[in-house]
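Only one structure is covered here, and it is reproduced in the block below.
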Amino acid sequence: MPEMNRRDFLKLGGAGLSGVLLGACGLREAEARSGRLKAEFRRAAREHGVPAELLLAMGYVNTLWEMPPPTASDYEPGTTEGRGDYGIMALAQNPSRDTLGKAAELTGLPEEKIKRDRAANVEAGAALLSELRGRSSRSGLDDWKEAVTRYADTELYTQAVFEVLKRGAARKIKGGEQVRLAAQEGVEAPKVYTYQGAADYPRADWRPAHGNNYTRSNRERSYNINRIVIHVAQGSFASAINWFQDPRARVSAHYVINRNGRVVQCVRNKDIAWHAGNWNYNTHSIGIEHAGYVNNPDWFSKKMYNSSARLAAFLVKKHRIPLDRRHIIGHSRVPGADHTDPGRHWNWRRYMRLIRRFARR
């Protein structure tokens with residue numbers, strides 16, 4: 001703002017002066033908002049000795065840098081989305097893991113504040129990651145891989161985080177802030193062992209769910225497969241797969257798809273995944289889980305739609321499922337399920353058009 005001499009200042013009068021003061025306040029507020037999320041990450045990184053770039057990559061993988069409400073994935077027994085992952089740092093609280101409680105102990109912050117307050121959540125995640133790594137004289141990003149794996153309890157998560165570090169990321173988050181993570185030189189994503197060629201779908205990797213989380217069957221003989229149910233995970237690709245591999249979860253889906261179009265199969269088509277919250281629907285359907293949150297359409301990328309539609313077309317042809325909206329449905333349409341996914345941002349018209357196109361090939 002240019003400087004103003006005393007004479008011009010007095011000429012303004014009351015109304016003009018108020019406008020100048022309000023404008024100055026608004027400018028300060030805008031400056032305070034600018035870079036606020038990145039500042040929260042950098043402050044937490046300094047406080048706990050964690051690379052800020054690593055925290056930013058984790059936040060991007062978890063939620064695309066958004067702060068979901070606690071209800072987004074509150075722990076709820078028997079639901080694929082109810083894992084109990086909280087906040088931008090995806091701190092867990094369920095019967096198997098309580099990284100949220102551990103982070104609260106480390107920081108002295110109340111659990112409810114960590115669940116709801118973004119800055120507190122970022123600080124709690126940084127404190128936990130630092131504790132998991134312990135003391136070390138090495139400071140490179142690659143030296144944090146083991147701690148990142150322990151943080152999420154799966155190497156798939158570490159792979160995703162380091163892929164983001166390698167290529168960088170940028171996004172305008174809610175509130176208008178433009179956040180950018182520059183690509184980090186010399187970083188390599190770890191290779192994760194998968195069973196290629198073992199899945200029912202040729203384009204999928206095989207990462208089996210725990211046997212406690214589905215029913216072994218011989219469908220098409222015992223139950224006719226006549227539906228596909230579309231889900232949104234309310235979390236990341238890695239967290240959904242890890243939850244299906246947890247023996248206490250008591251839930252699963254046949255397939256999980258990430259934002260880049262990668263497909264993992266967790267339950268055989270012939271077996272009954274526990275995904276729909278309705279036994280009759282479970283016995284006759286195949287569940288496809290999609291990484292992301294129902295209230296953020298940025299998760300539903302072109303690659304995700306194409307990959308999911310190609311999979312659905314394969315299932316339609318293989319199991320002779322009618323290609324219409326009575327037989328390809330959202331989780332919200334399952335009787336008694338009490339869920340909203342895939343939500344209003346899922347483009348059904350586009351999705352069905354893609355399935356028809358791939359089914360003709």
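For the structure tokens, the naming scheme is as follows: chains receive sequential letters (A, B, ...) according to their order of presentation, residues are indexed from 1 within each chain, and ligands are indexed from 1 in presentation order.
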- Task: Please provide as number ranges by chain all residues within 7 Å of Ala183 (chain A), with the sequence filter that same-chain residues fewer than 6 positions apart are discarded (counting only C-alpha atoms).
- Result: A: 165-168
Looking only at strand (DSSP E or B) from DSSP on the backbone, list the matching residues of region 36-192 of chain A as a compact mmCIF listing (two decimals) with N, CA and C atoms, in the first residue's frame.
# COMPACT_ATOMS: atom_id res chain seq x y z
N ASP A 85 -9.53 -43.33 11.03
CA ASP A 85 -8.38 -42.48 10.64
C ASP A 85 -8.80 -41.03 10.79
N TYR A 86 -7.95 -40.23 11.44
CA TYR A 86 -8.36 -38.87 11.80
C TYR A 86 -7.39 -37.81 11.29
N LEU A 91 -4.19 -40.13 11.65
CA LEU A 91 -3.86 -40.81 12.91
C LEU A 91 -4.98 -41.79 13.24
N ALA A 92 -4.61 -43.01 13.58
CA ALA A 92 -5.59 -44.09 13.71
C ALA A 92 -6.02 -44.30 15.16
N ALA A 169 4.06 -32.23 -5.93
CA ALA A 169 2.60 -32.10 -5.94
C ALA A 169 2.23 -30.64 -5.77
N ALA A 170 1.07 -30.28 -6.29
CA ALA A 170 0.56 -28.92 -6.15
C ALA A 170 -0.95 -28.97 -6.19
N ARG A 171 -1.58 -28.13 -5.35
CA ARG A 171 -3.04 -28.11 -5.32
C ARG A 171 -3.53 -26.87 -4.58
N LYS A 172 -4.64 -26.33 -5.04
CA LYS A 172 -5.32 -25.26 -4.32
C LYS A 172 -6.31 -25.91 -3.37
N GLN A 178 -2.82 -21.90 -2.23
CA GLN A 178 -2.11 -22.72 -3.21
C GLN A 178 -0.93 -23.37 -2.51
N VAL A 179 -0.94 -24.69 -2.43
CA VAL A 179 0.13 -25.43 -1.76
C VAL A 179 0.94 -26.17 -2.80
N ARG A 180 2.24 -26.12 -2.65
CA ARG A 180 3.12 -26.77 -3.62
C ARG A 180 4.25 -27.48 -2.90
N LEU A 181 4.50 -28.71 -3.31
CA LEU A 181 5.65 -29.48 -2.83
C LEU A 181 6.54 -29.75 -4.04
Which of region 153-286 of chain A end up as helix (DSSP H, G or I) when DSSP is run on this backbone - answer as a compact mmCIF listing (two decimals) with all heavy atoms, in the first residue's frame?
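The new file result-v5.txt reads:
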# COMPACT_ATOMS: atom_id res chain seq x y z
N GLU A 155 3.86 -51.00 3.98
CA GLU A 155 4.86 -50.48 3.04
C GLU A 155 4.23 -49.85 1.82
O GLU A 155 4.87 -49.05 1.12
CB GLU A 155 5.84 -51.60 2.63
CG GLU A 155 5.27 -52.65 1.69
CD GLU A 155 4.47 -53.74 2.39
OE1 GLU A 155 4.12 -53.57 3.58
OE2 GLU A 155 4.17 -54.77 1.75
N LEU A 156 2.96 -50.17 1.54
CA LEU A 156 2.26 -49.52 0.43
C LEU A 156 2.16 -48.01 0.65
O LEU A 156 2.23 -47.22 -0.29
CB LEU A 156 0.85 -50.09 0.27
CG LEU A 156 0.69 -51.40 -0.51
CD1 LEU A 156 -0.75 -51.88 -0.44
CD2 LEU A 156 1.14 -51.24 -1.95
N TYR A 157 2.00 -47.62 1.90
CA TYR A 157 1.92 -46.20 2.24
C TYR A 157 3.26 -45.52 1.98
O TYR A 157 3.31 -44.43 1.40
CB TYR A 157 1.53 -46.06 3.71
CG TYR A 157 1.40 -44.63 4.20
CD1 TYR A 157 0.34 -43.83 3.82
CD2 TYR A 157 2.36 -44.09 5.06
CE1 TYR A 157 0.21 -42.53 4.27
CE2 TYR A 157 2.24 -42.79 5.53
CZ TYR A 157 1.17 -42.02 5.13
OH TYR A 157 1.06 -40.72 5.59
N THR A 158 4.33 -46.15 2.39
CA THR A 158 5.66 -45.58 2.17
C THR A 158 5.93 -45.41 0.68
O THR A 158 6.48 -44.39 0.25
CB THR A 158 6.73 -46.48 2.80
OG1 THR A 158 6.38 -46.75 4.16
CG2 THR A 158 8.10 -45.84 2.75
N GLN A 159 5.54 -46.40 -0.09
CA GLN A 159 5.70 -46.29 -1.55
C GLN A 159 4.96 -45.08 -2.09
O GLN A 159 5.51 -44.30 -2.89
CB GLN A 159 5.19 -47.57 -2.21
CG GLN A 159 5.38 -47.60 -3.71
CD GLN A 159 4.78 -48.85 -4.34
OE1 GLN A 159 3.61 -49.15 -4.15
NE2 GLN A 159 5.59 -49.59 -5.07
N ALA A 160 3.72 -44.88 -1.65
CA ALA A 160 2.92 -43.75 -2.14
C ALA A 160 3.53 -42.42 -1.72
O ALA A 160 3.59 -41.47 -2.52
CB ALA A 160 1.49 -43.87 -1.62
N VAL A 161 3.99 -42.32 -0.48
CA VAL A 161 4.58 -41.07 0.02
C VAL A 161 5.84 -40.72 -0.77
O VAL A 161 6.03 -39.55 -1.17
CB VAL A 161 4.90 -41.20 1.52
CG1 VAL A 161 5.78 -40.04 2.00
CG2 VAL A 161 3.61 -41.25 2.34
N PHE A 162 6.69 -41.70 -1.01
CA PHE A 162 7.94 -41.40 -1.71
C PHE A 162 7.73 -41.19 -3.21
O PHE A 162 8.53 -40.51 -3.86
CB PHE A 162 8.99 -42.47 -1.40
CG PHE A 162 9.69 -42.20 -0.10
CD1 PHE A 162 9.09 -42.52 1.10
CD2 PHE A 162 10.93 -41.58 -0.07
CE1 PHE A 162 9.72 -42.24 2.31
CE2 PHE A 162 11.57 -41.30 1.13
CZ PHE A 162 10.96 -41.63 2.33
N GLU A 163 6.66 -41.73 -3.77
CA GLU A 163 6.32 -41.38 -5.14
C GLU A 163 5.93 -39.91 -5.25
O GLU A 163 6.29 -39.23 -6.21
CB GLU A 163 5.16 -42.27 -5.63
CG GLU A 163 5.59 -43.69 -5.98
CD GLU A 163 4.42 -44.60 -6.31
OE1 GLU A 163 3.25 -44.17 -6.10
OE2 GLU A 163 4.65 -45.73 -6.77
N VAL A 164 5.20 -39.40 -4.26
CA VAL A 164 4.85 -37.98 -4.24
C VAL A 164 6.10 -37.12 -4.05
O VAL A 164 6.26 -36.09 -4.71
CB VAL A 164 3.81 -37.68 -3.13
CG1 VAL A 164 3.62 -36.18 -2.94
CG2 VAL A 164 2.48 -38.34 -3.47
N LEU A 165 6.99 -37.53 -3.16
CA LEU A 165 8.23 -36.79 -2.97
C LEU A 165 9.05 -36.74 -4.26
O LEU A 165 9.64 -35.71 -4.60
CB LEU A 165 9.08 -37.44 -1.87
CG LEU A 165 8.63 -37.19 -0.44
CD1 LEU A 165 9.36 -38.13 0.52
CD2 LEU A 165 8.87 -35.75 -0.02
N LYS A 166 9.05 -37.81 -4.99
CA LYS A 166 9.85 -37.88 -6.22
C LYS A 166 9.30 -36.97 -7.31
O LYS A 166 10.06 -36.30 -8.01
CB LYS A 166 9.92 -39.33 -6.71
CG LYS A 166 10.78 -39.51 -7.95
CD LYS A 166 10.88 -40.98 -8.34
CE LYS A 166 11.78 -41.14 -9.56
NZ LYS A 166 11.94 -42.57 -9.94
N ARG A 167 7.97 -36.95 -7.47
CA ARG A 167 7.39 -36.18 -8.58
C ARG A 167 6.91 -34.79 -8.17
O ARG A 167 6.68 -33.93 -9.01
CB ARG A 167 6.23 -36.95 -9.20
CG ARG A 167 4.99 -37.08 -8.34
CD ARG A 167 3.84 -37.72 -9.09
NE ARG A 167 2.63 -37.74 -8.28
CZ ARG A 167 2.22 -38.77 -7.57
NH1 ARG A 167 2.94 -39.88 -7.55
NH2 ARG A 167 1.11 -38.71 -6.86
N GLY A 211 -8.27 -63.65 6.30
CA GLY A 211 -9.34 -64.63 6.23
C GLY A 211 -10.49 -64.37 7.18
O GLY A 211 -11.60 -64.89 6.99
N ASN A 212 -10.26 -63.54 8.23
CA ASN A 212 -11.34 -63.18 9.16
C ASN A 212 -12.34 -62.21 8.55
O ASN A 212 -13.39 -61.96 9.14
CB ASN A 212 -10.77 -62.53 10.42
CG ASN A 212 -10.06 -63.52 11.31
OD1 ASN A 212 -10.07 -64.71 11.06
ND2 ASN A 212 -9.43 -63.02 12.38
N ASN A 213 -12.01 -61.64 7.39
CA ASN A 213 -12.76 -60.49 6.88
C ASN A 213 -13.64 -60.79 5.66
O ASN A 213 -14.17 -59.86 5.06
CB ASN A 213 -11.79 -59.35 6.54
CG ASN A 213 -11.03 -58.87 7.76
OD1 ASN A 213 -11.51 -59.00 8.88
ND2 ASN A 213 -9.85 -58.31 7.54
N PHE A 237 -5.62 -45.11 -0.44
CA PHE A 237 -5.50 -46.43 -1.05
C PHE A 237 -4.83 -47.41 -0.09
O PHE A 237 -5.35 -48.50 0.18
CB PHE A 237 -4.67 -46.26 -2.33
CG PHE A 237 -4.37 -47.49 -3.12
CD1 PHE A 237 -5.35 -48.14 -3.84
CD2 PHE A 237 -3.07 -47.97 -3.20
CE1 PHE A 237 -5.06 -49.25 -4.62
CE2 PHE A 237 -2.75 -49.07 -3.98
CZ PHE A 237 -3.76 -49.72 -4.68
N ALA A 238 -3.69 -47.01 0.45
CA ALA A 238 -2.94 -47.89 1.34
C ALA A 238 -3.71 -48.20 2.61
O ALA A 238 -3.69 -49.34 3.10
CB ALA A 238 -1.59 -47.26 1.68
N SER A 239 -4.40 -47.20 3.17
CA SER A 239 -5.12 -47.43 4.43
C SER A 239 -6.28 -48.39 4.23
O SER A 239 -6.57 -49.21 5.11
CB SER A 239 -5.60 -46.11 5.02
OG SER A 239 -6.62 -45.53 4.23
N ALA A 240 -6.96 -48.33 3.09
CA ALA A 240 -8.08 -49.24 2.82
C ALA A 240 -7.59 -50.68 2.72
O ALA A 240 -8.16 -51.59 3.32
CB ALA A 240 -8.80 -48.82 1.54
N ILE A 241 -6.52 -50.89 1.96
CA ILE A 241 -5.98 -52.24 1.80
C ILE A 241 -5.47 -52.77 3.13
O ILE A 241 -5.71 -53.93 3.50
CB ILE A 241 -4.87 -52.24 0.74
CG1 ILE A 241 -5.44 -51.90 -0.64
CG2 ILE A 241 -4.16 -53.60 0.69
CD1 ILE A 241 -4.40 -51.62 -1.69
N ASN A 242 -4.77 -51.93 3.88
CA ASN A 242 -4.24 -52.34 5.18
C ASN A 242 -5.37 -52.73 6.14
O ASN A 242 -5.24 -53.68 6.92
CB ASN A 242 -3.42 -51.20 5.78
CG ASN A 242 -2.57 -51.66 6.95
OD1 ASN A 242 -1.93 -52.70 6.89
ND2 ASN A 242 -2.56 -50.89 8.02
N TRP A 243 -6.49 -52.01 6.08
CA TRP A 243 -7.63 -52.32 6.94
C TRP A 243 -8.22 -53.69 6.58
O TRP A 243 -8.57 -54.47 7.47
CB TRP A 243 -8.67 -51.22 6.79
CG TRP A 243 -9.86 -51.29 7.71
CD1 TRP A 243 -11.17 -51.19 7.36
CD2 TRP A 243 -9.85 -51.40 9.15
NE1 TRP A 243 -11.98 -51.25 8.47
CE2 TRP A 243 -11.20 -51.38 9.59
CE3 TRP A 243 -8.84 -51.52 10.11
CZ2 TRP A 243 -11.56 -51.48 10.93
CZ3 TRP A 243 -9.19 -51.63 11.44
CH2 TRP A 243 -10.53 -51.61 11.84
N PHE A 244 -8.28 -54.01 5.30
CA PHE A 244 -8.81 -55.31 4.89
C PHE A 244 -7.88 -56.45 5.31
O PHE A 244 -8.32 -57.60 5.43
CB PHE A 244 -9.04 -55.36 3.38
CG PHE A 244 -10.03 -54.35 2.87
CD1 PHE A 244 -10.02 -53.96 1.54
CD2 PHE A 244 -10.98 -53.78 3.71
CE1 PHE A 244 -10.93 -53.03 1.07
CE2 PHE A 244 -11.89 -52.84 3.25
CZ PHE A 244 -11.86 -52.47 1.92
N TRP A 279 -26.25 -58.76 4.02
CA TRP A 279 -25.76 -60.08 3.64
C TRP A 279 -26.25 -60.50 2.27
O TRP A 279 -25.49 -61.06 1.46
CB TRP A 279 -26.16 -61.11 4.68
CG TRP A 279 -25.71 -62.49 4.34
CD1 TRP A 279 -26.48 -63.57 4.00
CD2 TRP A 279 -24.35 -62.95 4.26
NE1 TRP A 279 -25.69 -64.67 3.72
CE2 TRP A 279 -24.37 -64.32 3.87
CE3 TRP A 279 -23.11 -62.34 4.48
CZ2 TRP A 279 -23.21 -65.07 3.70
CZ3 TRP A 279 -21.95 -63.10 4.31
CH2 TRP A 279 -22.02 -64.44 3.92
N ASN A 280 -27.50 -60.24 1.94
CA ASN A 280 -28.02 -60.61 0.63
C ASN A 280 -27.24 -59.91 -0.49
O ASN A 280 -26.89 -60.53 -1.50
CB ASN A 280 -29.51 -60.28 0.54
CG ASN A 280 -30.10 -60.68 -0.80
OD1 ASN A 280 -30.02 -61.85 -1.21
ND2 ASN A 280 -30.67 -59.72 -1.51
N TYR A 281 -26.95 -58.63 -0.30
CA TYR A 281 -26.18 -57.90 -1.31
C TYR A 281 -24.74 -58.39 -1.35
O TYR A 281 -24.14 -58.49 -2.43
CB TYR A 281 -26.24 -56.39 -1.04
CG TYR A 281 -27.45 -55.72 -1.65
CD1 TYR A 281 -28.72 -56.01 -1.17
CD2 TYR A 281 -27.32 -54.83 -2.70
CE1 TYR A 281 -29.85 -55.41 -1.72
CE2 TYR A 281 -28.44 -54.23 -3.26
CZ TYR A 281 -29.70 -54.53 -2.77
OH TYR A 281 -30.81 -53.94 -3.33
N ASN A 282 -24.17 -58.71 -0.19
CA ASN A 282 -22.81 -59.25 -0.18
C ASN A 282 -22.71 -60.53 -0.99
O ASN A 282 -21.76 -60.72 -1.76
CB ASN A 282 -22.36 -59.54 1.26
CG ASN A 282 -21.92 -58.30 2.01
OD1 ASN A 282 -21.63 -57.26 1.41
ND2 ASN A 282 -21.86 -58.39 3.32
N THR A 283 -23.67 -61.41 -0.81
CA THR A 283 -23.58 -62.72 -1.47
C THR A 283 -23.71 -62.63 -2.99
O THR A 283 -23.22 -63.50 -3.70
CB THR A 283 -24.66 -63.68 -0.93
OG1 THR A 283 -25.96 -63.09 -1.10
CG2 THR A 283 -24.43 -64.01 0.53
N HIS A 284 -24.34 -61.59 -3.48
CA HIS A 284 -24.60 -61.49 -4.92
C HIS A 284 -23.83 -60.36 -5.61
O HIS A 284 -24.09 -60.08 -6.78
CB HIS A 284 -26.10 -61.28 -5.16
CG HIS A 284 -26.95 -62.46 -4.78
ND1 HIS A 284 -27.05 -63.59 -5.57
CD2 HIS A 284 -27.70 -62.70 -3.68
CE1 HIS A 284 -27.84 -64.47 -4.99
NE2 HIS A 284 -28.25 -63.95 -3.83
- Message: as JSON, numbers by chain, please: the residues near His319 (chain A) (cut-off 10 Å, only C-alpha atoms, same-chain neighbours under 4 positions excluded).
- Response: {"A": [220, 224, 225, 226, 227, 269, 314, 315]}
- Which one is closest to Pro208 (chain A): A:Gly78, A:Pro69, A:Pro247, A:Gly343? Count only C-alpha atoms.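 So, comparing all the options, the nearest one is A:Pro247.
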